[in-house]
file upload.cif (mmCIF, C-alpha atoms; chains and numbers go by the auth columns)
data_protein
loop_
_atom_site.group_PDB
_atom_site.id
_atom_site.type_symbol
_atom_site.label_atom_id
_atom_site.label_comp_id
_atom_site.label_asym_id
_atom_site.label_seq_id
_atom_site.Cartn_x
_atom_site.Cartn_y
_atom_site.Cartn_z
_atom_site.B_iso_or_equiv
_atom_site.auth_seq_id
_atom_site.auth_asym_id
ATOM 1 C CA MET A 1 -67.683 24.764 37.153 0.00 1 A
ATOM 2 C CA TYR A 2 -70.414 26.012 39.454 0.00 2 A
ATOM 3 C CA TYR A 3 -69.962 27.566 42.871 0.00 3 A
ATOM 4 C CA HIS A 4 -72.293 28.239 45.786 0.00 4 A
ATOM 5 C CA ASP A 5 -72.649 31.990 45.201 0.00 5 A
ATOM 6 C CA LEU A 6 -70.881 35.020 43.731 0.00 6 A
ATOM 7 C CA THR A 7 -68.428 35.289 46.622 0.00 7 A
ATOM 8 C CA ASP A 8 -67.470 31.639 46.266 0.00 8 A
ATOM 9 C CA LEU A 9 -67.093 32.089 42.503 0.00 9 A
ATOM 10 C CA LEU A 10 -64.830 35.125 42.893 0.00 10 A
ATOM 11 C CA ASN A 11 -62.747 33.393 45.571 0.00 11 A
ATOM 12 C CA HIS A 12 -62.061 30.310 43.446 0.00 12 A
ATOM 13 C CA ASP A 13 -62.075 31.478 39.808 0.00 13 A
ATOM 14 C CA SER A 14 -59.374 34.000 38.954 0.00 14 A
ATOM 15 C CA ALA A 15 -60.922 34.784 35.551 0.00 15 A
ATOM 16 C CA ALA A 16 -64.274 35.582 37.174 0.00 16 A
ATOM 17 C CA TYR A 17 -62.487 37.710 39.782 0.00 17 A
ATOM 18 C CA ALA A 18 -60.599 39.710 37.140 0.00 18 A
ATOM 19 C CA TYR A 19 -63.748 40.143 35.037 0.00 19 A
ATOM 20 C CA PHE A 20 -65.910 41.230 37.976 0.00 20 A
ATOM 21 C CA TYR A 21 -63.418 43.815 39.220 0.00 21 A
ATOM 22 C CA SER A 22 -62.969 45.222 35.704 0.00 22 A
ATOM 23 C CA LEU A 23 -66.622 46.295 35.791 0.00 23 A
ATOM 24 C CA SER A 24 -67.918 49.604 37.120 0.00 24 A
ATOM 25 C CA PRO A 25 -68.836 49.802 40.820 0.00 25 A
ATOM 26 C CA LYS A 26 -72.493 50.326 39.853 0.00 26 A
ATOM 27 C CA THR A 27 -72.489 47.135 37.782 0.00 27 A
ATOM 28 C CA GLN A 28 -70.728 45.224 40.563 0.00 28 A
ATOM 29 C CA GLU A 29 -73.380 46.330 43.030 0.00 29 A
ATOM 30 C CA GLN A 30 -76.181 45.199 40.740 0.00 30 A
ATOM 31 C CA LEU A 31 -74.513 41.837 40.178 0.00 31 A
ATOM 32 C CA GLN A 32 -74.145 41.254 43.917 0.00 32 A
ATOM 33 C CA ARG A 33 -77.945 41.146 44.165 0.00 33 A
ATOM 34 C CA GLN A 34 -78.107 38.171 41.805 0.00 34 A
ATOM 35 C CA ARG A 35 -77.393 34.507 42.409 0.00 35 A
ATOM 36 C CA LEU A 36 -74.473 33.881 40.074 0.00 36 A
ATOM 37 C CA THR A 37 -72.602 30.605 40.319 0.00 37 A
ATOM 38 C CA SER A 38 -70.453 30.471 37.159 0.00 38 A
ATOM 39 C CA ILE A 39 -68.450 32.825 35.000 0.00 39 A
ATOM 40 C CA ASP A 40 -70.872 32.143 32.131 0.00 40 A
ATOM 41 C CA GLN A 41 -73.778 33.335 34.280 0.00 41 A
ATOM 42 C CA LEU A 42 -71.735 36.374 35.299 0.00 42 A
ATOM 43 C CA ARG A 43 -71.018 37.313 31.677 0.00 43 A
ATOM 44 C CA ARG A 44 -74.643 36.709 30.673 0.00 44 A
ATOM 45 C CA ALA A 45 -75.904 38.917 33.511 0.00 45 A
ATOM 46 C CA VAL A 46 -73.621 41.753 32.379 0.00 46 A
ATOM 47 C CA LYS A 47 -74.851 41.413 28.772 0.00 47 A
ATOM 48 C CA ASP A 48 -78.478 41.358 29.938 0.00 48 A
ATOM 49 C CA MET A 49 -77.955 44.466 32.045 0.00 49 A
ATOM 50 C CA ALA A 50 -76.365 46.295 29.097 0.00 50 A
ATOM 51 C CA PHE A 51 -79.297 45.266 26.892 0.00 51 A
ATOM 52 C CA ASP A 52 -81.852 46.453 29.464 0.00 52 A
ATOM 53 C CA GLU A 53 -80.145 49.854 29.764 0.00 53 A
ATOM 54 C CA ARG A 54 -80.316 50.604 26.038 0.00 54 A
ATOM 55 C CA PRO A 55 -82.802 53.282 25.028 0.00 55 A
ATOM 56 C CA GLN A 56 -86.106 51.966 23.759 0.00 56 A
ATOM 57 C CA VAL A 57 -86.885 52.392 20.076 0.00 57 A
ATOM 58 C CA PHE A 58 -90.228 53.457 18.706 0.00 58 A
#
call {"tool": "encode", "arguments": {"input": "upload.cif", "output": "structure tokens"}}
result
Amino acid sequence: MYYHDLTDLLNHDSAAYAYFYSLSPKTQEQLQRQRLTSIDQLRRAVKDMAFDERPQVF
């Protein structure tokens, strides 16, 4: 199911709410800047952020 924005998602999807608030405050802040409308998008954004923060290899 898709919602209007992250606030709407967190207000109506208890799994998304629990997942979001299990994340670090820094991650939560970064996610709030994105337009996320489903729990799948939320999970994907977290995975993408973790991938982007990995050290670069030679």
call {"tool": "residues_around", "arguments": {"input": "upload.cif", "residues": "stretch 23-36 of chain A", "least_positions_apart": "3", "cutoff": "7 Å", "atoms": "only C-alpha atoms", "output": "list in words"}}
result
Asp5, Leu6, Tyr19, Phe20, Gln41 and Leu42 of chain A
call {"tool": "atom_distance", "arguments": {"input": "upload.cif", "atom1": "atom CA of A:Tyr3", "atom2": "atom CA of A:Thr37"}}
result
4.8 Å
call {"tool": "atom_distance", "arguments": {"input": "upload.cif", "atom1": "atom CA of A:Ser22", "atom2": "atom CA of A:Ala45"}}
result
14.6 Å
call {"tool": "atom_distance", "arguments": {"input": "upload.cif", "atom1": "atom CA of A:Tyr2", "atom2": "atom CA of A:Arg43"}}
result
13.7 Å
call {"tool": "axis_aligned_box", "arguments": {"input": "upload.cif", "around": "stretch 32-51 of chain A", "padding_each_side": "3 Å", "output": "lines of an AutoDock Vina configuration file"}}
result
center_x = -73.9
center_y = 38.4
center_z = 35.5
size_x = 16.8
size_y = 21.8
size_z = 23.3
call {"tool": "closest_residue", "arguments": {"input": "upload.cif", "among": "A:Val57, A:Ala50, A:Ile39, A:Met1", "to": "A:Ala18", "atoms": "all atoms listed in the file"}}
result
A:Ile39
call {"tool": "decode", "arguments": {"input": "upload.cif", "residues": "stretch 23-34 of chain A", "atoms": "all heavy atoms", "output": "PDB file, in the first residue's frame"}}
result
ATOM      1  N   LEU A  23      15.627   2.663  13.825  1.00  0.00           N
ATOM      2  CA  LEU A  23      16.823   3.183  13.169  1.00  0.00           C
ATOM      3  C   LEU A  23      17.452   4.299  14.005  1.00  0.00           C
ATOM      4  O   LEU A  23      16.793   4.903  14.851  1.00  0.00           O
ATOM      5  CB  LEU A  23      16.458   3.722  11.780  1.00  0.00           C
ATOM      6  CG  LEU A  23      15.833   2.697  10.832  1.00  0.00           C
ATOM      7  CD1 LEU A  23      15.277   3.398   9.605  1.00  0.00           C
ATOM      8  CD2 LEU A  23      16.842   1.637  10.439  1.00  0.00           C
ATOM      9  N   SER A  24      18.710   4.591  13.717  1.00  0.00           N
ATOM     10  CA  SER A  24      19.403   5.655  14.444  1.00  0.00           C
ATOM     11  C   SER A  24      18.781   7.014  14.109  1.00  0.00           C
ATOM     12  O   SER A  24      18.209   7.194  13.024  1.00  0.00           O
ATOM     13  CB  SER A  24      20.884   5.677  14.067  1.00  0.00           C
ATOM     14  OG  SER A  24      21.049   6.175  12.753  1.00  0.00           O
ATOM     15  N   PRO A  25      18.900   7.974  15.022  1.00  0.00           N
ATOM     16  CA  PRO A  25      18.364   9.315  14.754  1.00  0.00           C
ATOM     17  C   PRO A  25      18.959   9.932  13.484  1.00  0.00           C
ATOM     18  O   PRO A  25      18.250  10.620  12.736  1.00  0.00           O
ATOM     19  CB  PRO A  25      18.751  10.113  15.992  1.00  0.00           C
ATOM     20  CG  PRO A  25      18.850   9.097  17.072  1.00  0.00           C
ATOM     21  CD  PRO A  25      19.392   7.850  16.398  1.00  0.00           C
ATOM     22  N   LYS A  26      20.226   9.683  13.223  1.00  0.00           N
ATOM     23  CA  LYS A  26      20.859  10.224  12.009  1.00  0.00           C
ATOM     24  C   LYS A  26      20.189   9.653  10.757  1.00  0.00           C
ATOM     25  O   LYS A  26      19.880  10.383   9.814  1.00  0.00           O
ATOM     26  CB  LYS A  26      22.347   9.876  12.003  1.00  0.00           C
ATOM     27  CG  LYS A  26      23.072  10.325  10.770  1.00  0.00           C
ATOM     28  CD  LYS A  26      24.525   9.881  10.767  1.00  0.00           C
ATOM     29  CE  LYS A  26      25.180  10.206   9.441  1.00  0.00           C
ATOM     30  NZ  LYS A  26      26.521   9.651   9.342  1.00  0.00           N
ATOM     31  N   THR A  27      19.941   8.356  10.763  1.00  0.00           N
ATOM     32  CA  THR A  27      19.282   7.711   9.628  1.00  0.00           C
ATOM     33  C   THR A  27      17.858   8.225   9.477  1.00  0.00           C
ATOM     34  O   THR A  27      17.404   8.508   8.366  1.00  0.00           O
ATOM     35  CB  THR A  27      19.298   6.188   9.793  1.00  0.00           C
ATOM     36  OG1 THR A  27      20.656   5.744   9.903  1.00  0.00           O
ATOM     37  CG2 THR A  27      18.634   5.490   8.620  1.00  0.00           C
ATOM     38  N   GLN A  28      17.148   8.378  10.587  1.00  0.00           N
ATOM     39  CA  GLN A  28      15.785   8.907  10.536  1.00  0.00           C
ATOM     40  C   GLN A  28      15.765  10.291   9.901  1.00  0.00           C
ATOM     41  O   GLN A  28      14.910  10.586   9.061  1.00  0.00           O
ATOM     42  CB  GLN A  28      15.192   8.982  11.949  1.00  0.00           C
ATOM     43  CG  GLN A  28      14.914   7.648  12.575  1.00  0.00           C
ATOM     44  CD  GLN A  28      14.422   7.778  13.994  1.00  0.00           C
ATOM     45  OE1 GLN A  28      14.051   8.852  14.452  1.00  0.00           O
ATOM     46  NE2 GLN A  28      14.413   6.672  14.723  1.00  0.00           N
ATOM     47  N   GLU A  29      16.708  11.115  10.286  1.00  0.00           N
ATOM     48  CA  GLU A  29      16.777  12.474   9.745  1.00  0.00           C
ATOM     49  C   GLU A  29      17.014  12.453   8.237  1.00  0.00           C
ATOM     50  O   GLU A  29      16.383  13.203   7.490  1.00  0.00           O
ATOM     51  CB  GLU A  29      17.896  13.246  10.441  1.00  0.00           C
ATOM     52  CG  GLU A  29      17.980  14.697  10.038  1.00  0.00           C
ATOM     53  CD  GLU A  29      19.079  15.430  10.786  1.00  0.00           C
ATOM     54  OE1 GLU A  29      19.265  15.165  11.989  1.00  0.00           O
ATOM     55  OE2 GLU A  29      19.754  16.258  10.145  1.00  0.00           O
ATOM     56  N   GLN A  30      17.893  11.579   7.798  1.00  0.00           N
ATOM     57  CA  GLN A  30      18.174  11.484   6.363  1.00  0.00           C
ATOM     58  C   GLN A  30      16.955  10.968   5.599  1.00  0.00           C
ATOM     59  O   GLN A  30      16.678  11.412   4.484  1.00  0.00           O
ATOM     60  CB  GLN A  30      19.378  10.578   6.121  1.00  0.00           C
ATOM     61  CG  GLN A  30      20.674  11.184   6.601  1.00  0.00           C
ATOM     62  CD  GLN A  30      21.837  10.211   6.545  1.00  0.00           C
ATOM     63  OE1 GLN A  30      21.657   8.993   6.612  1.00  0.00           O
ATOM     64  NE2 GLN A  30      23.036  10.746   6.434  1.00  0.00           N
ATOM     65  N   LEU A  31      16.236  10.044   6.189  1.00  0.00           N
ATOM     66  CA  LEU A  31      15.048   9.499   5.531  1.00  0.00           C
ATOM     67  C   LEU A  31      13.929  10.531   5.428  1.00  0.00           C
ATOM     68  O   LEU A  31      13.147  10.502   4.479  1.00  0.00           O
ATOM     69  CB  LEU A  31      14.550   8.267   6.291  1.00  0.00           C
ATOM     70  CG  LEU A  31      15.438   7.038   6.198  1.00  0.00           C
ATOM     71  CD1 LEU A  31      14.986   5.981   7.193  1.00  0.00           C
ATOM     72  CD2 LEU A  31      15.460   6.486   4.785  1.00  0.00           C
ATOM     73  N   GLN A  32      13.850  11.429   6.394  1.00  0.00           N
ATOM     74  CA  GLN A  32      12.800  12.444   6.381  1.00  0.00           C
ATOM     75  C   GLN A  32      12.944  13.395   5.200  1.00  0.00           C
ATOM     76  O   GLN A  32      11.982  14.054   4.812  1.00  0.00           O
ATOM     77  CB  GLN A  32      12.802  13.217   7.693  1.00  0.00           C
ATOM     78  CG  GLN A  32      12.320  12.390   8.851  1.00  0.00           C
ATOM     79  CD  GLN A  32      12.507  13.063  10.194  1.00  0.00           C
ATOM     80  OE1 GLN A  32      13.212  14.061  10.316  1.00  0.00           O
ATOM     81  NE2 GLN A  32      11.898  12.509  11.224  1.00  0.00           N
ATOM     82  N   ARG A  33      14.107  13.454   4.610  1.00  0.00           N
ATOM     83  CA  ARG A  33      14.340  14.328   3.450  1.00  0.00           C
ATOM     84  C   ARG A  33      13.902  13.678   2.138  1.00  0.00           C
ATOM     85  O   ARG A  33      13.962  14.304   1.082  1.00  0.00           O
ATOM     86  CB  ARG A  33      15.821  14.679   3.360  1.00  0.00           C
ATOM     87  CG  ARG A  33      16.313  15.464   4.544  1.00  0.00           C
ATOM     88  CD  ARG A  33      17.766  15.832   4.377  1.00  0.00           C
ATOM     89  NE  ARG A  33      18.297  16.310   5.642  1.00  0.00           N
ATOM     90  CZ  ARG A  33      19.436  15.912   6.184  1.00  0.00           C
ATOM     91  NH1 ARG A  33      20.207  15.051   5.563  1.00  0.00           N
ATOM     92  NH2 ARG A  33      19.824  16.392   7.337  1.00  0.00           N
ATOM     93  N   GLN A  34      13.509  12.412   2.205  1.00  0.00           N
ATOM     94  CA  GLN A  34      13.133  11.686   0.998  1.00  0.00           C
ATOM     95  C   GLN A  34      11.620  11.527   0.917  1.00  0.00           C
ATOM     96  O   GLN A  34      10.920  11.590   1.918  1.00  0.00           O
ATOM     97  CB  GLN A  34      13.792  10.303   1.000  1.00  0.00           C
ATOM     98  CG  GLN A  34      15.305  10.358   1.036  1.00  0.00           C
ATOM     99  CD  GLN A  34      15.911   8.986   0.991  1.00  0.00           C
ATOM    100  OE1 GLN A  34      15.407   8.100   0.321  1.00  0.00           O
ATOM    101  NE2 GLN A  34      17.000   8.801   1.707  1.00  0.00           N
TER     102      GLN A  34
END
